[in-house]
Amino acid sequence: MSLDPRVTEAWARLPEYLSAHVALSLSALLLGFGLSLPLAVMSIGSPRLRGLLLGAASVIQTIPSLALLALFYPLLLALSALTKAAFGAQFSALGFLPSLLALALYSMLPILRNTVTGLIGVDAAVKEAALGVGMTARQSLARVELPLALPVIMAGLRTASVWVIGTATLSTPVGQTSLGNYIFTGLQTQNWVFVVFGCVAAALLALAVDQLLALLERLLTKRERVKALAAGAAGLVLLVLAGGLGEWTRSGAGYVVGAKGFPEQYVLAALLSQRLEAAGLSATTRSNLGSAVIFNALISGDIDAYVDYSGTIWTNTMHRSDAPKRDALTREMSDWLGENYRVKVLGTLGFENAYVLAMRRDRAAALGIRSVEDLAASAPKLAVGGDYEIFSRPEWRSLRAAYGLAFREERQMQPTFMYQAVVDGSVDVITAFSSDGEIAKYDLMTLADPKGAIPPYDAVLLVSPKRSEDARLIAALTPLVGRIPIERMRDANLLVSGGANQAPPEDAARRLWQVIATTPP
């Protein structure tokens with residue numbers, strides 16, 4: 001009996017994802033503990049300092065973890081630019097560093113609070129006795145107070161470890177590989193095996209680390225310090241080796257291809273990586289990046305190439321609200337990227353992935369709707385569903401202004417669930433994407449945009465400034481320009497996102513290349 005291919009693929013990715021997750025979580029815990037313990041000790045004699053520290057740590061906990069991770073990226077990006085200007089050197093603001101700093105801050109509250117509680121809870125008579133036998137305040141702290149407070153401190157560290165390991169799954173959108181890669185990719189592609197695999201792996205890792213810390217606590221409480229140090233050192237070495245092996249493996253890749261967080265991007269990133277490898281160049285991918293994150297990663301050199309969309313750059317990056325014809329927009333966009341960021345546009349891939357409003361055919365027919373203009377009259381009675389970005393994007397403002405759209409309800413949701421929501425009637429209209437395979441799968445009707453409120457969204461292949469003159473990379477990727485028809489892209493997307501014969505993005509990319517290679521230019 002053979003395993004489900006999705007299970008086989010999940011197992012194959014486990015060493016990379018788990019090792020990166022371990023390296024990140026362990027580093028964040030060590031940094032958080034290294035900061036929290038001395039700060040807690042310093043605050044024991046100062047109620048004001050103690051209040052400030054606990055208050056600050058509590059405020060950090062109120063910030064949603066995903067937002068905290070995302071906030072560190074632009075901050076580090078700006079700092080990297082400053083170091084480059086001042087010293088001629090910069091560092092990568094993507095991936096490990098923003099995740100490390102955010103998670104370390106997130107770990108501090110339970111460690112701070114428990115250390116303070118444990119030390120304050122030591123009986124005053126015990127401290128007086130220690131001083132009475134000739135100990136200094138520092139000796140009393142090290143030999144009496146900290147050992148007595150140890151169970152409470154360890155409880156805080158164990159709580160922090162569970163928080164950090166769980167929250168580390170959210171580091172994927174800022175470019176850090178983790179067990180969250182299973183979850184984000186699985187949600188987008190309706191690969192529920194991946195989702196369950198990621199959740200279970202993170203839970204088991206958290207339980208394993210919690211039990212290791214519990215063992216250390218028992219050994220230290222029994223004053224078996226040699227055994228405790230040996231157990232701690234062994235566990236630390238194993239965790240470091242596991243994380244370091246994965247980081248070493250990833251560091252060997254020469255070129256980095258970026259991808260946003262939806263099926264089409266996974267396929268295109270796999271296709272770019274495969275073309276580079278076919279040319280004898282090593283490559284890896286960083287997936288599930290947000291639109292702003294991935295563009296900043298390109299111009300800073302953290303990734304070397306990725307596929308974006310002309311309308312996204314036109315509205316989000318260039319902040320343009322007009323909608324010129326396709327050729328004019330592409331030409332002006334390419335010139336602007338080159339002049340302002342030295343980003344090279346290799347060309348358009350041959351298909352468009354534009355925002356379109358879509359409805360069930362029977363629902364649209366019942367309301368007499370064939371275009372966005374027709375929709376405007378019924379919109380106040382209807383609910384619209386969209387992805388996390390659309391309702392704050394310029395395109396949505398343009399649509400509303402052009403047609404006077406005012407829906408009864410606007411609901412944000414994961415794109416995976418958006419299509420199911422319109423099919424089962426949870427919403428009446430969705431902001432779909434024109435190259436998505438689900439449009440054909442569910443036989444949805446896309447509404448015409450007679451006023452041209454939404455700009456063209458041609459898929460464009462971008463190369464970073466540091467690779468803009470790289471002849472080998474350009475030669476490997478140029479054969480893709482203008483060669484992908486929208487029908488083939490829809491087929492590949494549907495294959496990845498839950499078709500009858502669901503396949504990983506790498507397989508869909510290989511099939512797509514076979515079509516390209518066997519079709520005359």
# chains A, B, ... in the order shown; residues from 1 in each chain; ligands from 1

$ residues_around --residues "stretch 128-145 of chain A" --least-positions-apart "3" --cutoff "12 Å" --atoms "only C-alpha atoms" --output "ChimeraX atom specification"
/A:38,41-42,44-45,115-125,148-153,223

$ residues_around --residues "stretch 477-479 of chain A" --least-positions-apart "2" --cutoff "8 Å" --atoms "only C-alpha atoms" --output "short mmCIF file (atom, residue, chain, number, x, y, z; two decimals) with C-alpha atoms, in the first residue's frame"
data_model
loop_
_atom_site.label_atom_id
_atom_site.label_comp_id
_atom_site.auth_asym_id
_atom_site.auth_seq_id
_atom_site.Cartn_x
_atom_site.Cartn_y
_atom_site.Cartn_z
CA LEU A 272 12.06 29.89 -12.40
CA ARG A 275 15.07 26.89 -15.36
CA LEU A 276 18.04 28.14 -13.34
CA LEU A 346 12.85 40.87 -18.53
CA LEU A 473 20.52 34.23 -15.00
CA ILE A 474 19.04 36.33 -17.79
CA ALA A 475 19.80 33.68 -20.41
CA VAL A 481 9.03 35.66 -21.68
CA ARG A 483 5.44 31.96 -23.65
#

$ residues_around --residues "A:Gly482" --least-positions-apart "5" --cutoff "12 Å" --atoms "only C-alpha atoms" --output "ChimeraX atom specification"
/A:346-352,458-461,477,516,519-521

$ write_last_selection --atoms "C-alpha atoms" --output "PDB file, in the first residue's frame"
ATOM      1  CA  LEU A 346      12.847  40.867 -18.526  1.00  0.00           C
ATOM      2  CA  GLY A 347       9.358  41.102 -20.021  1.00  0.00           C
ATOM      3  CA  THR A 348       5.787  39.881 -19.652  1.00  0.00           C
ATOM      4  CA  LEU A 349       5.144  36.127 -19.463  1.00  0.00           C
ATOM      5  CA  GLY A 350       2.160  36.153 -21.806  1.00  0.00           C
ATOM      6  CA  PHE A 351      -0.830  36.086 -19.455  1.00  0.00           C
ATOM      7  CA  GLU A 352      -2.696  38.450 -17.170  1.00  0.00           C
ATOM      8  CA  ASP A 458       0.294  41.288 -16.901  1.00  0.00           C
ATOM      9  CA  ALA A 459       2.689  38.874 -15.205  1.00  0.00           C
ATOM     10  CA  VAL A 460       6.154  40.454 -15.429  1.00  0.00           C
ATOM     11  CA  LEU A 461       9.504  38.856 -14.676  1.00  0.00           C
ATOM     12  CA  LEU A 477      14.933  32.941 -17.639  1.00  0.00           C
ATOM     13  CA  ILE A 516       6.227  25.809 -23.377  1.00  0.00           C
ATOM     14  CA  THR A 519       4.971  24.903 -28.470  1.00  0.00           C
ATOM     15  CA  PRO A 520       6.503  26.978 -31.295  1.00  0.00           C
ATOM     16  CA  PRO A 521       7.232  30.608 -30.305  1.00  0.00           C
TER      17      PRO A 521
END

$ atom_distance --atom1 "atom CA of A:Asn501" --atom2 "atom CA of A:Tyr182"
19.4 Å

$ residues_around --residues "A:Met154" --least-positions-apart "6" --cutoff "10 Å" --atoms "only C-alpha atoms" --output "NGL selection string"
:A and (110-111 or 114-115 or 118 or 160 or 210 or 213-214 or 216-217)

$ write_last_selection --atoms "N, CA and C atoms" --output "CSV table (one decimal), in the first residue's frame"
chain,number,residue,atom,x,y,z
A,110,PRO,N,6.6,36.3,30.0
A,110,PRO,CA,6.5,35.2,31.0
A,110,PRO,C,7.8,35.0,31.8
A,111,ILE,N,8.9,35.2,31.1
A,111,ILE,CA,10.2,35.0,31.8
A,111,ILE,C,10.4,36.2,32.8
A,114,ASN,N,7.7,35.8,35.8
A,114,ASN,CA,8.0,34.7,36.7
A,114,ASN,C,9.3,34.9,37.5
A,115,THR,N,10.3,35.4,36.9
A,115,THR,CA,11.5,35.7,37.6
A,115,THR,C,11.3,36.7,38.7
A,118,GLY,N,9.2,35.0,41.4
A,118,GLY,CA,10.0,34.0,42.2
A,118,GLY,C,10.9,34.6,43.1
A,160,ALA,N,7.2,30.4,27.9
A,160,ALA,CA,7.8,31.2,26.7
A,160,ALA,C,8.1,30.3,25.6
A,210,ASP,N,9.3,21.4,26.0
A,210,ASP,CA,8.7,21.6,27.3
A,210,ASP,C,9.2,20.5,28.3
A,213,LEU,N,12.9,21.0,29.2
A,213,LEU,CA,13.0,22.0,30.3
A,213,LEU,C,12.5,21.5,31.6
A,214,ALA,N,11.5,20.6,31.6
A,214,ALA,CA,11.0,20.0,32.8
A,214,ALA,C,12.1,19.1,33.4
A,216,LEU,N,15.3,19.4,33.0
A,216,LEU,CA,16.4,20.2,33.6
A,216,LEU,C,16.0,20.8,34.9
A,217,GLU,N,14.7,21.2,35.0
A,217,GLU,CA,14.2,21.8,36.3
A,217,GLU,C,14.3,20.7,37.4

$ select_by_dssp --residues "stretch 118-360 of chain A" --states "strand (DSSP E)" --output "JSON, numbers by chain"
{"A": [255, 256, 257, 258, 259, 260, 283, 284, 285, 286, 287, 288, 289, 305, 306, 307, 308, 309, 344, 345, 346, 347, 348, 349, 350, 351, 352, 355, 356, 357, 358, 359, 360]}

$ write_last_selection --atoms "C-alpha atoms" --output "PDB file, in the first residue's frame"
ATOM      1  CA  TYR A 255      20.168  32.235  -6.491  1.00  0.00           C
ATOM      2  CA  VAL A 256      17.019  33.019  -4.522  1.00  0.00           C
ATOM      3  CA  VAL A 257      13.640  33.126  -6.246  1.00  0.00           C
ATOM      4  CA  GLY A 258      10.789  34.853  -4.445  1.00  0.00           C
ATOM      5  CA  ALA A 259       7.081  34.034  -4.407  1.00  0.00           C
ATOM      6  CA  LYS A 260       3.970  35.574  -2.917  1.00  0.00           C
ATOM      7  CA  ALA A 283      18.569  27.998  -6.740  1.00  0.00           C
ATOM      8  CA  THR A 284      16.160  28.042  -3.816  1.00  0.00           C
ATOM      9  CA  THR A 285      12.809  29.710  -3.213  1.00  0.00           C
ATOM     10  CA  ARG A 286      11.332  31.945  -0.535  1.00  0.00           C
ATOM     11  CA  SER A 287       7.558  31.700  -0.644  1.00  0.00           C
ATOM     12  CA  ASN A 288       4.520  33.287   1.018  1.00  0.00           C
ATOM     13  CA  LEU A 289       5.960  36.819   1.000  1.00  0.00           C
ATOM     14  CA  ALA A 305      14.087  37.292  -9.208  1.00  0.00           C
ATOM     15  CA  TYR A 306      10.332  36.870  -8.964  1.00  0.00           C
ATOM     16  CA  VAL A 307       7.150  37.358 -10.963  1.00  0.00           C
ATOM     17  CA  ASP A 308       4.968  40.350 -10.131  1.00  0.00           C
ATOM     18  CA  TYR A 309       2.016  41.945 -11.883  1.00  0.00           C
ATOM     19  CA  LYS A 344      15.412  44.920 -14.705  1.00  0.00           C
ATOM     20  CA  VAL A 345      12.114  43.869 -16.302  1.00  0.00           C
ATOM     21  CA  LEU A 346      12.847  40.867 -18.526  1.00  0.00           C
ATOM     22  CA  GLY A 347       9.358  41.102 -20.021  1.00  0.00           C
ATOM     23  CA  THR A 348       5.787  39.881 -19.652  1.00  0.00           C
ATOM     24  CA  LEU A 349       5.144  36.127 -19.463  1.00  0.00           C
ATOM     25  CA  GLY A 350       2.160  36.153 -21.806  1.00  0.00           C
ATOM     26  CA  PHE A 351      -0.830  36.086 -19.455  1.00  0.00           C
ATOM     27  CA  GLU A 352      -2.696  38.450 -17.170  1.00  0.00           C
ATOM     28  CA  TYR A 355      -8.698  41.387 -10.262  1.00  0.00           C
ATOM     29  CA  VAL A 356     -12.182  40.527 -11.551  1.00  0.00           C
ATOM     30  CA  LEU A 357     -15.549  40.440  -9.838  1.00  0.00           C
ATOM     31  CA  ALA A 358     -17.103  36.992 -10.125  1.00  0.00           C
ATOM     32  CA  MET A 359     -20.498  35.482  -9.280  1.00  0.00           C
ATOM     33  CA  ARG A 360     -22.294  32.191  -9.601  1.00  0.00           C
TER      34      ARG A 360
END

$ residues_around --residues "A:Phe197" --least-positions-apart "2" --cutoff "9 Å" --atoms "only C-alpha atoms" --output "PyMOL selection string"
chain A and resi 7+10-11+179+182-183+192-195+199-202

$ residues_around --residues "A:Gln176" --least-positions-apart "4" --cutoff "7 Å" --atoms "only C-alpha atoms" --output "PyMOL selection string"
chain A and resi 95-96+171-172

$ closest_residue --among "A:Leu271, A:Val126, A:Ala448, A:Leu109" --to "A:Ile369" --atoms "only C-alpha atoms"
A:Ala448

$ closest_residue --among "A:Ala503, A:Ala366, A:Val463, A:Ala86" --to "A:Asp304" --atoms "only C-alpha atoms"
A:Val463

$ atom_distance --atom1 "atom CA of A:Leu37" --atom2 "atom CA of A:Leu219"
20.0 Å

$ residues_around --residues "A:Thr431" --least-positions-apart "4" --cutoff "12 Å" --atoms "only C-alpha atoms" --output "ChimeraX atom specification"
/A:353-359,372,383-391,393,395-396,399,410-415,418-419,421-422,427,436,439,444-447,454

$ atom_distance --atom1 "atom CA of A:Gly425" --atom2 "atom CA of A:Tyr457"
28.0 Å

$ closest_residue --among "A:Leu512, A:Ile430, A:Leu71, A:Ala476" --to "A:Leu382" --atoms "only C-alpha atoms"
A:Ile430

$ select_by_dssp --residues "stretch 133-337 of chain A" --states "helix (DSSP H, G or I)" --output "MDAnalysis selection string"
chainID A and resid 137:174 180:189 192:221 225:251 263:278 291:300 310:317 326:337

$ decode --residues "stretch 433-461 of chain A" --atoms "N, CA, C and O atoms" --output "JSON list (two decimals), in the first residue's frame"
[["chain", "number", "residue", "atom", "x", "y", "z"],
["A", 433, "PHE", "N", -9.39, 36.28, -9.25],
["A", 433, "PHE", "CA", -8.21, 36.56, -10.05],
["A", 433, "PHE", "C", -8.37, 35.86, -11.39],
["A", 433, "PHE", "O", -8.70, 34.67, -11.45],
["A", 434, "SER", "N", -8.13, 36.58, -12.48],
["A", 434, "SER", "CA", -8.52, 36.09, -13.80],
["A", 434, "SER", "C", -7.81, 34.82, -14.23],
["A", 434, "SER", "O", -8.32, 34.10, -15.09],
["A", 435, "SER", "N", -6.64, 34.51, -13.68],
["A", 435, "SER", "CA", -5.93, 33.29, -14.09],
["A", 435, "SER", "C", -6.15, 32.12, -13.14],
["A", 435, "SER", "O", -5.53, 31.07, -13.30],
["A", 436, "ASP", "N", -7.03, 32.28, -12.16],
["A", 436, "ASP", "CA", -7.28, 31.20, -11.21],
["A", 436, "ASP", "C", -8.05, 30.05, -11.87],
["A", 436, "ASP", "O", -9.04, 30.29, -12.59],
["A", 437, "GLY", "N", -7.64, 28.85, -11.58],
["A", 437, "GLY", "CA", -8.32, 27.69, -12.12],
["A", 437, "GLY", "C", -9.70, 27.49, -11.55],
["A", 437, "GLY", "O", -10.56, 26.85, -12.17],
["A", 438, "GLU", "N", -9.96, 28.04, -10.36],
["A", 438, "GLU", "CA", -11.26, 27.84, -9.72],
["A", 438, "GLU", "C", -12.40, 28.51, -10.50],
["A", 438, "GLU", "O", -13.56, 28.12, -10.34],
["A", 439, "ILE", "N", -12.09, 29.52, -11.31],
["A", 439, "ILE", "CA", -13.14, 30.17, -12.11],
["A", 439, "ILE", "C", -13.80, 29.16, -13.04],
["A", 439, "ILE", "O", -15.02, 29.06, -13.14],
["A", 440, "ALA", "N", -12.95, 28.35, -13.71],
["A", 440, "ALA", "CA", -13.49, 27.30, -14.59],
["A", 440, "ALA", "C", -14.03, 26.13, -13.78],
["A", 440, "ALA", "O", -15.06, 25.55, -14.12],
["A", 441, "LYS", "N", -13.33, 25.79, -12.69],
["A", 441, "LYS", "CA", -13.75, 24.65, -11.88],
["A", 441, "LYS", "C", -15.17, 24.82, -11.37],
["A", 441, "LYS", "O", -15.98, 23.87, -11.39],
["A", 442, "TYR", "N", -15.51, 26.01, -10.90],
["A", 442, "TYR", "CA", -16.84, 26.25, -10.34],
["A", 442, "TYR", "C", -17.78, 26.93, -11.33],
["A", 442, "TYR", "O", -18.89, 27.32, -10.95],
["A", 443, "ASP", "N", -17.34, 27.10, -12.57],
["A", 443, "ASP", "CA", -18.15, 27.72, -13.63],
["A", 443, "ASP", "C", -18.69, 29.07, -13.18],
["A", 443, "ASP", "O", -19.89, 29.36, -13.29],
["A", 444, "LEU", "N", -17.79, 29.92, -12.68],
["A", 444, "LEU", "CA", -18.19, 31.24, -12.24],
["A", 444, "LEU", "C", -18.25, 32.21, -13.41],
["A", 444, "LEU", "O", -17.53, 32.05, -14.41],
["A", 445, "MET", "N", -19.06, 33.22, -13.28],
["A", 445, "MET", "CA", -19.17, 34.25, -14.30],
["A", 445, "MET", "C", -18.38, 35.48, -13.86],
["A", 445, "MET", "O", -18.57, 35.99, -12.76],
["A", 446, "THR", "N", -17.45, 35.92, -14.70],
["A", 446, "THR", "CA", -16.69, 37.13, -14.39],
["A", 446, "THR", "C", -17.39, 38.32, -15.03],
["A", 446, "THR", "O", -17.85, 38.26, -16.17],
["A", 447, "LEU", "N", -17.46, 39.41, -14.29],
["A", 447, "LEU", "CA", -18.21, 40.59, -14.72],
["A", 447, "LEU", "C", -17.31, 41.54, -15.51],
["A", 447, "LEU", "O", -16.17, 41.82, -15.10],
["A", 448, "ALA", "N", -17.83, 42.01, -16.61],
["A", 448, "ALA", "CA", -17.08, 42.94, -17.46],
["A", 448, "ALA", "C", -16.86, 44.26, -16.74],
["A", 448, "ALA", "O", -17.66, 44.68, -15.90],
["A", 449, "ASP", "N", -15.76, 44.92, -17.08],
["A", 449, "ASP", "CA", -15.39, 46.22, -16.51],
["A", 449, "ASP", "C", -15.39, 47.25, -17.65],
["A", 449, "ASP", "O", -14.33, 47.65, -18.13],
["A", 450, "PRO", "N", -16.57, 47.69, -18.10],
["A", 450, "PRO", "CA", -16.64, 48.55, -19.29],
["A", 450, "PRO", "C", -15.93, 49.89, -19.16],
["A", 450, "PRO", "O", -15.51, 50.48, -20.16],
["A", 451, "LYS", "N", -15.78, 50.38, -17.94],
["A", 451, "LYS", "CA", -15.12, 51.67, -17.75],
["A", 451, "LYS", "C", -13.61, 51.54, -17.56],
["A", 451, "LYS", "O", -12.92, 52.55, -17.41],
["A", 452, "GLY", "N", -13.10, 50.31, -17.54],
["A", 452, "GLY", "CA", -11.65, 50.10, -17.40],
["A", 452, "GLY", "C", -11.10, 50.63, -16.09],
["A", 452, "GLY", "O", -10.01, 51.22, -16.05],
["A", 453, "ALA", "N", -11.84, 50.42, -15.00],
["A", 453, "ALA", "CA", -11.40, 50.94, -13.70],
["A", 453, "ALA", "C", -10.18, 50.20, -13.17],
["A", 453, "ALA", "O", -9.38, 50.77, -12.42],
["A", 454, "ILE", "N", -10.04, 48.93, -13.55],
["A", 454, "ILE", "CA", -8.90, 48.13, -13.07],
["A", 454, "ILE", "C", -7.82, 48.11, -14.14],
["A", 454, "ILE", "O", -8.09, 47.80, -15.30],
["A", 455, "PRO", "N", -6.58, 48.44, -13.79],
["A", 455, "PRO", "CA", -5.50, 48.47, -14.78],
["A", 455, "PRO", "C", -5.11, 47.06, -15.22],
["A", 455, "PRO", "O", -5.50, 46.07, -14.59],
["A", 456, "PRO", "N", -4.33, 46.94, -16.30],
["A", 456, "PRO", "CA", -3.85, 45.61, -16.73],
["A", 456, "PRO", "C", -2.97, 44.98, -15.65],
["A", 456, "PRO", "O", -2.27, 45.68, -14.91],
["A", 457, "TYR", "N", -3.00, 43.66, -15.59],
["A", 457, "TYR", "CA", -2.21, 42.92, -14.60],
["A", 457, "TYR", "C", -1.38, 41.83, -15.27],
["A", 457, "TYR", "O", -1.47, 40.67, -14.95],
["A", 458, "ASP", "N", -0.57, 42.25, -16.23],
["A", 458, "ASP", "CA", 0.29, 41.29, -16.90],
["A", 458, "ASP", "C", 1.35, 40.77, -15.94],
["A", 458, "ASP", "O", 1.94, 41.53, -15.16],
["A", 459, "ALA", "N", 1.61, 39.46, -16.00],
["A", 459, "ALA", "CA", 2.69, 38.87, -15.21],
["A", 459, "ALA", "C", 4.02, 39.31, -15.78],
["A", 459, "ALA", "O", 4.27, 39.13, -16.98],
["A", 460, "VAL", "N", 4.86, 39.93, -14.96],
["A", 460, "VAL", "CA", 6.15, 40.45, -15.43],
["A", 460, "VAL", "C", 7.28, 39.82, -14.62],
["A", 460, "VAL", "O", 7.16, 39.63, -13.41],
["A", 461, "LEU", "N", 8.36, 39.51, -15.30],
["A", 461, "LEU", "CA", 9.50, 38.86, -14.68],
["A", 461, "LEU", "C", 10.53, 39.91, -14.29],
["A", 461, "LEU", "O", 11.07, 40.62, -15.16]]
